[in-house]
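Student: I have a structure I would like to understand better, so I am pasting it below and will then ask my questions one at a time.
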Amino acid sequence: MRLEAMSDRAYSFIPDVDLSELLLEIHAQTGFADEFSLASEGEGRVSDFAKSLCAVLVSQACNIGLKAVSRPGIPALSLGRLSWVQQNYLRADTLIRANARLVEAHTDLPLARKWGDGEVASADGLRFVVPVRTVYSRPNSKYFGAGRGITYYSFTSDQFSAFHGLVIPGTLRDSLYILSGLLEQQTVLQPKELMSDTAGYSDVVFGLFHLLGYQFSPRLADLEHVRYWRIDRSQDYGLLEDVARNRVNTALIGEHWDDVLRLVGSLKLGTVKAPDILRTLAREGSLSGLGRAVAEVGRISKTLYLLEYLHDEGYRRRIQIQLNRTELRHRLARAIYHGHKGEMRQKYREGMEDQLGALGLVVNAVVLWNTRYLGASLEWLEAISDEVHPDDIPRLSPLRFAHINMLGRYHFEVNADVAAGMLRPLRDPDSTDAFETAWNER
């Protein structure tokens with residue numbers, strides 16, 4: 001209750017804002033719109049480009065189309081200009097660069113560093129129904145009912161920012177893609193431990209994580225049927241003697257060791273993609289000799305992980321907390337992506353990737369905006385009361401959004417002070433005018 005009260009009090013000072021204005025404000029602070037370049041590699045910039053780009057991002061992230069954000073009397077918001085910006089500037093490479101800039105700005109904030117150091121992350125999928133006919137969707141009655149859909153598989157740091165995302169047709173097994181976020185991401189974050197739910201788990205994945213120097217920490221279900229492994233049958237494992245009945249085939253690891261090292265080197269250098277490797281290791285549903293060798297390494301790593309997972313309740317709680325952060329991001333993403341009943345209506349994979357990349361970028365902008373204002377709010381609370389409890393600050397979240405308008409009103413104007421990078425005045429829920437005066441004079 002104390003944490004909830006502190007969070008409610010801190011958020012009560014944060015000003016209301018339209019999503020469109022929020023994006024312009026974040027651009028004023030970070031310059032993320034500068035990362036969007038012409039597809040023809042030209043360096044030219046039209047006037048009020050940031051305004052046009054932010055309008056396109058709102059239309060994509062909110063799934064409402066360009067007409068909803070266009071304004072015929074404003075050149076930067078004319079339908080023709082917005083269509084041109086979307087076609088020429090919104091691409092995977094520009095979205096990745098812009099997102100990297102937001103992540104870097106966020107990780108520099110003192111409050112973000114209290115949530116984590118960026119070395120822990122989680123991966124999970126956000127499902128979208130696709131009502132249009134396309135070869136890039138798949139059926140799954142659990143998530144899509146009688147229709148078809150896709151999964152946006154995203155990777156969230158312990159600072160609440162997302163550093164990578166990719167589109168998966170339907171709901172293919174997460175373990176095929178779980179390494180992609182660590183190996184392909186282009187932000188300043190360097191996660192060393194990745195948490196997931198049971199769907200991302202396999203012996204091969206455990207092996208590749210270990211060989212690449214990462215810690216794989218899935219939340220496991222059905223522990224009763226999990227198998228434990230030993231290396232030496234002749235050794236006495238004490239209390240674990242009757243549990244670890246399966247023996248690791250070290251001879252198979254040795255036989256394929258040179259190939260294992262070449263495989264790991266190829267992944268590290270990026271010459272092959274993790275999903276392609278995982279498909280190759282398990283062609284037609286059965287593991288190759290190299291795949292079985294990697295799996296044997298994984299059984300060692302998995303057994304050590306299981307013992308720690310079962311022994312340490314704090315470890316299990318830490319995994320659950322990080323997975324909850326991903327779930328909260330998904331809830332925010334759903335709130336933003338409200339148009340057309342939250343359905344994905346792109347027919348081609350490139351369009352899906354661009355639209356969901358824009359959604360991920362906008363969610364990160366909201367996280368950055370909330371973190372900046374939440375930090376300022378906490379500073380103010382510390383100055384006027386004893387309501388801030390340092391032990392509770394790491395448990396706060398920048399993912400609340402009741403103060404952000406995403407529906408029906410899209411203005412693309414900010415005042416001169418905010419455009420120069422300053423914060424908006426915080427608001428006092430009891431006496432706004434007096435509070436704003438005090439804040440401006442502090």
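Residue numbering restarts at 1 for every chain of the structure tokens, chains are lettered A, B, ... in their displayed order, and ligands are numbered from 1 as they appear.
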List every residue of segment 167-211 of chain A that DSSP, applied to the backbone of this structure, places in strand (DSSP E), and write the result as JSON, numbers by chain.
Tutor: {"A": [167, 168, 169, 193, 194, 195, 196]}
Student: Could you produce a table of the residues of segment 128-199 of chain A lying within 10 Å of segment 206-209 of chain A, with the nearest pair of atoms per residue and their separation in Å rounded to one decimal, using only C-alpha atoms, ordered by chain and increasing residue number, as CSV?
Tutor:
```
residue,atom,partner,partner_atom,distance
A:Ser175,CA,A:Phe206,CA,9.9
A:Ile178,CA,A:Phe209,CA,9.8
A:Leu179,CA,A:Phe209,CA,7.7
A:Leu182,CA,A:Phe209,CA,9.9
A:Lys192,CA,A:Phe209,CA,9.6
A:Glu193,CA,A:Phe209,CA,9.1
A:Leu194,CA,A:Phe209,CA,9.2
```
Student: So the first atom is atom CA of Lys302 of chain A and the second is atom CA of Arg219 of chain A; what is the distance between them in Å, to one decimal place?
Tutor: 12.3 Å
Student: Which residue out of A:Asp93, A:Glu350, A:Glu25, A:Asp392 has the minimum interatomic distance to Ala39 of chain A when only C-alpha atoms are used?
Tutor: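 That would be A:Asp93, the residue with the smallest distance to Ala39 of chain A.
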Student: Check the DSSP output for the backbone and give back, as a PyMOL selection string, the residues of segment 342-413 of chain A in alpha helix (DSSP H).
Tutor: chain A and resi 349-384
Student: Store the residues picked out above in a file with N, CA, C and O atoms, as a compact mmCIF listing (two decimals), in the first residue's frame.
Tutor:
```
# COMPACT_ATOMS: atom_id res chain seq x y z
N ARG A 349 5.04 -8.11 -45.07
CA ARG A 349 5.86 -8.18 -43.87
C ARG A 349 6.58 -6.86 -43.59
O ARG A 349 6.71 -6.44 -42.44
N GLU A 350 7.08 -6.21 -44.65
CA GLU A 350 7.78 -4.95 -44.45
C GLU A 350 6.87 -3.92 -43.80
O GLU A 350 7.29 -3.18 -42.90
N GLY A 351 5.61 -3.86 -44.26
CA GLY A 351 4.66 -2.93 -43.65
C GLY A 351 4.37 -3.27 -42.20
O GLY A 351 4.24 -2.38 -41.36
N MET A 352 4.27 -4.56 -41.88
CA MET A 352 4.07 -4.99 -40.49
C MET A 352 5.24 -4.57 -39.62
O MET A 352 5.07 -4.04 -38.51
N GLU A 353 6.45 -4.81 -40.12
CA GLU A 353 7.64 -4.47 -39.35
C GLU A 353 7.76 -2.97 -39.12
O GLU A 353 8.12 -2.52 -38.03
N ASP A 354 7.44 -2.18 -40.16
CA ASP A 354 7.51 -0.72 -40.01
C ASP A 354 6.47 -0.23 -39.00
O ASP A 354 6.78 0.62 -38.15
N GLN A 355 5.26 -0.75 -39.08
CA GLN A 355 4.21 -0.28 -38.18
C GLN A 355 4.50 -0.68 -36.74
O GLN A 355 4.36 0.14 -35.82
N LEU A 356 4.91 -1.93 -36.51
CA LEU A 356 5.17 -2.36 -35.14
C LEU A 356 6.49 -1.78 -34.63
O LEU A 356 6.66 -1.58 -33.43
N GLY A 357 7.42 -1.49 -35.54
CA GLY A 357 8.63 -0.77 -35.13
C GLY A 357 8.29 0.63 -34.67
O GLY A 357 8.86 1.14 -33.69
N ALA A 358 7.34 1.29 -35.36
CA ALA A 358 6.88 2.61 -34.93
C ALA A 358 6.19 2.52 -33.58
O ALA A 358 6.37 3.40 -32.72
N LEU A 359 5.40 1.47 -33.37
CA LEU A 359 4.76 1.29 -32.07
C LEU A 359 5.79 1.13 -30.96
O LEU A 359 5.68 1.76 -29.90
N GLY A 360 6.81 0.30 -31.19
CA GLY A 360 7.86 0.13 -30.19
C GLY A 360 8.58 1.42 -29.90
O GLY A 360 8.92 1.72 -28.74
N LEU A 361 8.84 2.22 -30.94
CA LEU A 361 9.51 3.51 -30.76
C LEU A 361 8.66 4.45 -29.93
O LEU A 361 9.17 5.13 -29.01
N VAL A 362 7.36 4.52 -30.20
CA VAL A 362 6.47 5.40 -29.46
C VAL A 362 6.35 4.95 -28.01
O VAL A 362 6.34 5.78 -27.09
N VAL A 363 6.28 3.66 -27.76
CA VAL A 363 6.25 3.17 -26.37
C VAL A 363 7.52 3.58 -25.64
O VAL A 363 7.47 4.03 -24.49
N ASN A 364 8.66 3.47 -26.29
CA ASN A 364 9.91 3.90 -25.65
C ASN A 364 9.92 5.40 -25.40
O ASN A 364 10.48 5.87 -24.40
N ALA A 365 9.31 6.18 -26.30
CA ALA A 365 9.21 7.63 -26.07
C ALA A 365 8.36 7.92 -24.84
O ALA A 365 8.69 8.81 -24.04
N VAL A 366 7.27 7.17 -24.66
CA VAL A 366 6.43 7.34 -23.48
C VAL A 366 7.21 6.97 -22.22
O VAL A 366 7.15 7.67 -21.20
N VAL A 367 7.97 5.89 -22.27
CA VAL A 367 8.78 5.47 -21.12
C VAL A 367 9.79 6.56 -20.76
O VAL A 367 9.96 6.91 -19.58
N LEU A 368 10.45 7.12 -21.77
CA LEU A 368 11.43 8.19 -21.52
C LEU A 368 10.74 9.42 -20.94
O LEU A 368 11.24 10.02 -19.97
N TRP A 369 9.62 9.83 -21.51
CA TRP A 369 8.90 11.00 -21.03
C TRP A 369 8.44 10.79 -19.59
O TRP A 369 8.63 11.67 -18.73
N ASN A 370 7.85 9.65 -19.30
CA ASN A 370 7.38 9.37 -17.95
C ASN A 370 8.53 9.35 -16.95
O ASN A 370 8.41 9.82 -15.82
N THR A 371 9.65 8.76 -17.35
CA THR A 371 10.80 8.67 -16.44
C THR A 371 11.32 10.05 -16.09
O THR A 371 11.65 10.33 -14.93
N ARG A 372 11.42 10.95 -17.06
CA ARG A 372 11.90 12.30 -16.80
C ARG A 372 10.96 13.04 -15.84
O ARG A 372 11.40 13.65 -14.86
N TYR A 373 9.67 12.95 -16.10
CA TYR A 373 8.72 13.66 -15.25
C TYR A 373 8.55 12.98 -13.89
O TYR A 373 8.36 13.67 -12.88
N LEU A 374 8.62 11.67 -13.86
CA LEU A 374 8.54 10.96 -12.58
C LEU A 374 9.73 11.32 -11.71
O LEU A 374 9.61 11.50 -10.49
N GLY A 375 10.92 11.43 -12.32
CA GLY A 375 12.10 11.85 -11.56
C GLY A 375 11.94 13.25 -10.99
O GLY A 375 12.28 13.50 -9.84
N ALA A 376 11.41 14.18 -11.82
CA ALA A 376 11.19 15.54 -11.33
C ALA A 376 10.13 15.57 -10.23
O ALA A 376 10.26 16.31 -9.24
N SER A 377 9.10 14.75 -10.39
CA SER A 377 8.04 14.69 -9.38
C SER A 377 8.57 14.17 -8.05
O SER A 377 8.24 14.70 -6.98
N LEU A 378 9.43 13.16 -8.10
CA LEU A 378 10.00 12.62 -6.88
C LEU A 378 10.91 13.64 -6.20
O LEU A 378 10.94 13.74 -4.97
N GLU A 379 11.66 14.39 -7.01
CA GLU A 379 12.50 15.46 -6.44
C GLU A 379 11.63 16.47 -5.70
O GLU A 379 12.00 16.93 -4.60
N TRP A 380 10.52 16.84 -6.30
CA TRP A 380 9.64 17.81 -5.66
C TRP A 380 9.05 17.23 -4.37
O TRP A 380 9.00 17.91 -3.34
N LEU A 381 8.62 15.99 -4.42
CA LEU A 381 8.05 15.36 -3.23
C LEU A 381 9.07 15.29 -2.09
O LEU A 381 8.74 15.49 -0.92
N GLU A 382 10.31 14.97 -2.43
CA GLU A 382 11.36 14.92 -1.41
C GLU A 382 11.57 16.28 -0.76
O GLU A 382 11.89 16.38 0.43
N ALA A 383 11.38 17.35 -1.57
CA ALA A 383 11.60 18.70 -1.05
C ALA A 383 10.47 19.18 -0.15
O ALA A 383 10.70 19.98 0.76
N ILE A 384 9.24 18.69 -0.37
CA ILE A 384 8.10 19.24 0.37
C ILE A 384 7.49 18.27 1.37
O ILE A 384 6.61 18.66 2.14
```
